[in-house]
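K.L.:
Structure file target.csv (CSV, C-alpha atoms) right here:
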chain,number,residue,atom,x,y,z
H,1,MET,CA,-31.7,-17.3,72.6
H,2,LYS,CA,-28.4,-18.4,71.1
H,3,ILE,CA,-28.1,-22.2,71.0
H,4,ALA,CA,-24.8,-24.0,70.6
H,5,LEU,CA,-25.3,-27.3,68.8
H,6,GLY,CA,-23.0,-30.3,68.6
H,7,ALA,CA,-23.0,-33.9,67.6
H,8,ASP,CA,-20.7,-36.8,66.9
H,9,HIS,CA,-21.3,-39.1,63.9
H,10,GLY,CA,-24.1,-41.0,65.7
H,11,GLY,CA,-26.1,-37.8,66.1
H,12,PHE,CA,-25.1,-36.0,62.9
H,13,HIS,CA,-28.4,-36.5,61.0
H,14,LEU,CA,-30.6,-35.4,64.0
H,15,LYS,CA,-28.4,-32.4,64.5
H,16,GLU,CA,-29.0,-31.4,60.9
H,17,ASN,CA,-32.7,-31.7,61.4
H,18,LEU,CA,-32.6,-29.7,64.6
H,19,LYS,CA,-30.7,-26.7,63.1
H,20,ALA,CA,-33.6,-25.5,60.9
H,21,TYR,CA,-36.2,-26.3,63.5
H,22,ILE,CA,-34.5,-24.3,66.2
H,23,SER,CA,-34.1,-21.4,63.9
H,24,SER,CA,-37.8,-21.6,62.9
H,25,LEU,CA,-38.6,-21.1,66.6
H,26,GLY,CA,-36.7,-17.8,66.5
H,27,HIS,CA,-33.4,-18.8,68.0
H,28,VAL,CA,-29.9,-18.4,66.7
H,29,VAL,CA,-28.0,-21.6,66.1
H,30,GLU,CA,-24.3,-22.1,66.2
H,31,ASP,CA,-23.4,-25.4,64.7
H,32,LEU,CA,-20.1,-26.6,66.3
H,33,GLY,CA,-20.0,-29.9,64.3
H,34,CYS,CA,-19.5,-32.6,63.4
H,35,SER,CA,-20.0,-32.0,59.6
H,36,CYS,CA,-20.6,-35.6,58.4
H,37,ASP,CA,-21.4,-39.1,59.6
H,38,ASP,CA,-17.7,-40.3,59.6
H,39,ALA,CA,-16.6,-41.6,63.0
H,40,VAL,CA,-15.4,-39.0,65.4
H,41,ASP,CA,-15.0,-38.7,69.2
H,42,TYR,CA,-18.0,-37.3,71.1
H,43,PRO,CA,-15.8,-35.4,73.8
H,44,ASP,CA,-14.4,-33.3,70.9
H,45,TYR,CA,-17.9,-31.9,70.3
H,46,ALA,CA,-19.2,-31.8,73.8
H,47,LEU,CA,-16.4,-29.5,74.9
H,48,PRO,CA,-16.8,-26.6,72.5
H,49,VAL,CA,-20.6,-26.5,73.1
H,50,CYS,CA,-20.2,-26.5,76.8
H,51,GLU,CA,-17.4,-23.8,76.6
H,52,LYS,CA,-19.9,-21.6,74.7
H,53,VAL,CA,-22.5,-22.1,77.4
H,54,VAL,CA,-20.2,-21.6,80.4
H,55,SER,CA,-18.7,-18.4,78.8
H,56,GLY,CA,-22.1,-17.0,78.1
H,57,ASP,CA,-21.4,-16.9,74.4
H,58,ALA,CA,-24.5,-19.3,74.1
H,59,ASP,CA,-27.5,-19.3,76.3
H,60,ARG,CA,-27.9,-23.1,76.1
H,61,GLY,CA,-26.4,-26.1,74.4
H,62,ILE,CA,-27.7,-29.2,72.7
H,63,LEU,CA,-25.6,-32.3,72.2
H,64,ILE,CA,-26.5,-35.4,70.2
H,65,CYS,CA,-24.7,-38.8,69.9
H,66,GLY,CA,-26.0,-42.3,69.3
H,67,THR,CA,-27.5,-42.7,72.8
H,68,GLY,CA,-26.8,-39.3,74.4
H,69,ILE,CA,-25.0,-41.0,77.2
H,70,GLY,CA,-21.4,-40.3,76.1
H,71,MET,CA,-22.2,-36.6,75.5
H,72,THR,CA,-23.9,-36.3,78.9
H,73,ILE,CA,-21.0,-37.8,80.7
H,74,ALA,CA,-18.5,-35.6,78.9
H,75,ALA,CA,-20.6,-32.4,79.3
H,76,ASN,CA,-21.1,-33.0,83.0
H,77,LYS,CA,-17.3,-33.0,83.6
H,78,ILE,CA,-17.2,-29.3,82.8
H,79,PRO,CA,-17.9,-27.0,85.8
H,80,GLY,CA,-21.0,-24.9,85.4
H,81,ILE,CA,-22.7,-27.4,83.0
H,82,ARG,CA,-26.0,-29.1,84.0
H,83,CYS,CA,-26.5,-31.5,81.1
H,84,ALA,CA,-29.6,-33.6,81.1
H,85,LEU,CA,-30.1,-36.7,79.0
H,86,VAL,CA,-33.7,-36.5,77.8
H,87,HIS,CA,-35.8,-38.9,75.6
H,88,ASP,CA,-39.3,-37.8,76.6
H,89,MET,CA,-41.4,-34.7,76.9
H,90,PHE,CA,-42.0,-34.8,80.7
H,91,SER,CA,-38.3,-35.0,81.4
H,92,ALA,CA,-37.6,-32.1,79.0
H,93,LYS,CA,-40.0,-29.9,81.0
H,94,ALA,CA,-38.9,-31.2,84.5
H,95,THR,CA,-35.2,-30.7,83.8
H,96,ARG,CA,-35.7,-27.1,83.0
H,97,GLU,CA,-38.1,-26.3,85.8
H,98,HIS,CA,-36.3,-28.2,88.5
H,99,ASN,CA,-32.7,-28.5,87.5
H,100,ASP,CA,-32.2,-25.4,85.3
H,101,SER,CA,-30.4,-27.6,82.8
H,102,ASN,CA,-28.3,-25.6,80.4
H,103,VAL,CA,-27.4,-28.4,78.1
H,104,LEU,CA,-29.7,-31.0,76.6
H,105,ALA,CA,-28.4,-34.3,75.4
H,106,MET,CA,-30.3,-36.8,73.2
H,107,GLY,CA,-29.6,-40.0,71.4
H,108,GLU,CA,-30.4,-40.2,67.6
H,109,ARG,CA,-30.5,-44.0,67.8
H,110,VAL,CA,-32.9,-43.9,70.8
H,111,ILE,CA,-35.6,-41.5,69.6
H,112,GLY,CA,-37.0,-40.4,66.3
H,113,PRO,CA,-36.8,-36.9,64.9
H,114,GLY,CA,-40.5,-36.1,65.7
H,115,ILE,CA,-40.1,-36.7,69.4
H,116,ALA,CA,-36.7,-35.0,69.3
H,117,LEU,CA,-38.2,-31.8,67.9
H,118,GLU,CA,-40.9,-31.8,70.5
H,119,ILE,CA,-38.4,-32.3,73.3
H,120,VAL,CA,-36.3,-29.4,72.0
H,121,ARG,CA,-39.3,-27.1,71.7
H,122,ILE,CA,-40.4,-27.9,75.3
H,123,TRP,CA,-36.9,-27.6,76.7
H,124,LEU,CA,-36.3,-24.3,75.0
H,125,GLU,CA,-39.7,-22.8,76.0
H,126,THR,CA,-39.6,-24.0,79.7
H,127,GLU,CA,-38.2,-21.6,82.3
H,128,PHE,CA,-36.5,-22.5,85.5
H,129,SER,CA,-39.1,-22.3,88.4
H,130,HIS,CA,-36.8,-20.5,90.8
H,131,ALA,CA,-38.5,-22.3,93.6
H,132,ALA,CA,-36.3,-22.2,96.7
H,133,ARG,CA,-36.0,-26.0,97.0
H,134,HIS,CA,-34.7,-26.2,93.4
H,135,GLU,CA,-32.3,-23.4,93.8
H,136,GLN,CA,-30.9,-24.9,97.0
H,137,ARG,CA,-30.3,-28.2,95.2
H,138,ILE,CA,-28.6,-26.6,92.3
H,139,HIS,CA,-26.3,-24.7,94.7
H,140,LYS,CA,-25.5,-28.1,96.4
H,141,VAL,CA,-24.6,-29.6,93.0
H,142,ALA,CA,-22.4,-26.6,92.2
H,143,SER,CA,-20.6,-27.0,95.5
H,144,LEU,CA,-19.7,-30.6,94.5
H,145,GLU,CA,-17.7,-29.1,91.6
H,146,ASP,CA,-15.7,-26.9,94.0
H,147,LYS,CA,-15.1,-29.9,96.3
H,148,PHE,CA,-13.7,-32.1,93.7
H,149,THR,CA,-11.8,-29.5,91.6
H,150,LEU,CA,-8.1,-30.4,91.8
H,151,HIS,CA,-5.8,-27.4,92.4
H,152,PRO,CA,-2.1,-27.6,91.4
Kindly return the structure encoded in the file as structure tokens.
P.N.:
Amino acid sequence: MKIALGADHGGFHLKENLKAYISSLGHVVEDLGCSCDDAVDYPDYALPVCEKVVSGDADRGILICGTGIGMTIAANKIPGIRCALVHDMFSAKATREHNDSNVLAMGERVIGPGIALEIVRIWLETEFSHAARHEQRIHKVASLEDKFTLHP
């Protein structure tokens, strides 16, 4: 898979750790920044990652900031994105199986690199279940995007 990866300054170090790890799992990584731990704005990095996922230029995306909250909020404003904030292995598996999440968000200041690597591995390896009840719920979520999209 091709994975788009982005972080703000609060997630820069974890992003750097994840790049080599994701590659070692056999995936292609596209690093969309940031490139240092100088203060930057998380929406500026959430957007290009999500654009890659929505366009199909990346199979999935991973976003990291200090808590993961800001990235999650920004990502979920983009139609077609199902971003899950995950800080444990159970949720990593569940969000793929049940929600077909296409973007993973984590907080560098919340979890250590060991747990983050395991979360990423599980999230990348877990497939969507395609159970009818889960597909129905995902379609309902997508319909919310249509309902609240403003048209000029």
K.L.:
Pick out the closest residue to H:Lys140 from this set: H:Met106, H:Asn99, H:Ile22, H:Val120. Count all atoms listed in the file.
P.N.:
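Closest to H:Lys140, using all atoms listed in the file: H:Asn99.
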K.L.:
Just the number, please: distance in Å from atom CA of H:Leu5 to atom CA of H:Gly70, one decimal.
P.N.:
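Result for atom CA of H:Leu5 versus atom CA of H:Gly70: 15.4 Å, one decimal.
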K.L.:
Looking at H:Ile73, H:Val103, H:Val110, H:Val28, which one is nearest to H:Gly10, with distances taken over only C-alpha atoms?
P.N.:
H:Val110
K.L.:
May I ask which of the residues H:Asp59, H:Glu16, H:Asp37, H:Glu51 is the closest one to H:Pro79, counting all atoms listed in the file?
P.N.:
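That would be H:Glu51, the residue with the smallest distance to H:Pro79.
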K.L.:
Counting only C-alpha atoms, which residues sit no farther than 10 Å from the position (-19.1, -29.6, 85.1) in the file's frame? I'd like them as a PyMOL selection string.
P.N.:
chain H and resi 50+54+73-83+141-142+144-146+149
K.L.:
Can you measure atom CA of H:Ser129 to atom CA of H:Leu47 for me? One decimal in Å is fine.
P.N.:
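Pair atom CA of H:Ser129 / atom CA of H:Leu47 returns 27.4 Å.
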K.L.:
Atom CA of H:Cys34 to atom CA of H:Gly6: how many Å, to one decimal?
P.N.:
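Distance between the two atoms: 6.7 Å.
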K.L.:
Of the candidates H:Gly114, H:Arg137, H:Ala92, H:Lys2, which one gets nearest to H:Leu25 if we count only C-alpha atoms?
P.N.:
H:Lys2
K.L.:
Which of these residues is nearest to H:Ala4, using all atoms listed in the file: H:Val40, H:Met71, H:Ala20, H:Val53?
P.N.:
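Ranked by minimum distance to H:Ala4, first place goes to H:Val53.
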K.L.:
Can you work out which one of H:Ala84, H:Ile119, H:Leu14, H:Ala132 has the shortest atom-to-atom distance to H:Cys36, counting all atoms listed in the file?
P.N.:
H:Leu14
K.L.:
I want to know what sits within 10 Å of H:Ser23, based on only C-alpha atoms, with residues of the same chain fewer than 4 positions away left out; could you give that as a PyMOL selection string?
P.N.:
chain H and resi 1-3+18-19+27-29
K.L.:
Go ahead and save the residues from that selection, with C-alpha atoms, as an mmCIF file, keeping the file's coordinate frame.
P.N.:
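See out_12.cif below for the written result:
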data_model
loop_
_atom_site.group_PDB
_atom_site.id
_atom_site.type_symbol
_atom_site.label_atom_id
_atom_site.label_comp_id
_atom_site.auth_asym_id
_atom_site.auth_seq_id
_atom_site.Cartn_x
_atom_site.Cartn_y
_atom_site.Cartn_z
ATOM 1 C CA MET H 1 -31.700 -17.300 72.600
ATOM 2 C CA LYS H 2 -28.400 -18.400 71.100
ATOM 3 C CA ILE H 3 -28.100 -22.200 71.000
ATOM 4 C CA LEU H 18 -32.600 -29.700 64.600
ATOM 5 C CA LYS H 19 -30.700 -26.700 63.100
ATOM 6 C CA HIS H 27 -33.400 -18.800 68.000
ATOM 7 C CA VAL H 28 -29.900 -18.400 66.700
ATOM 8 C CA VAL H 29 -28.000 -21.600 66.100
#
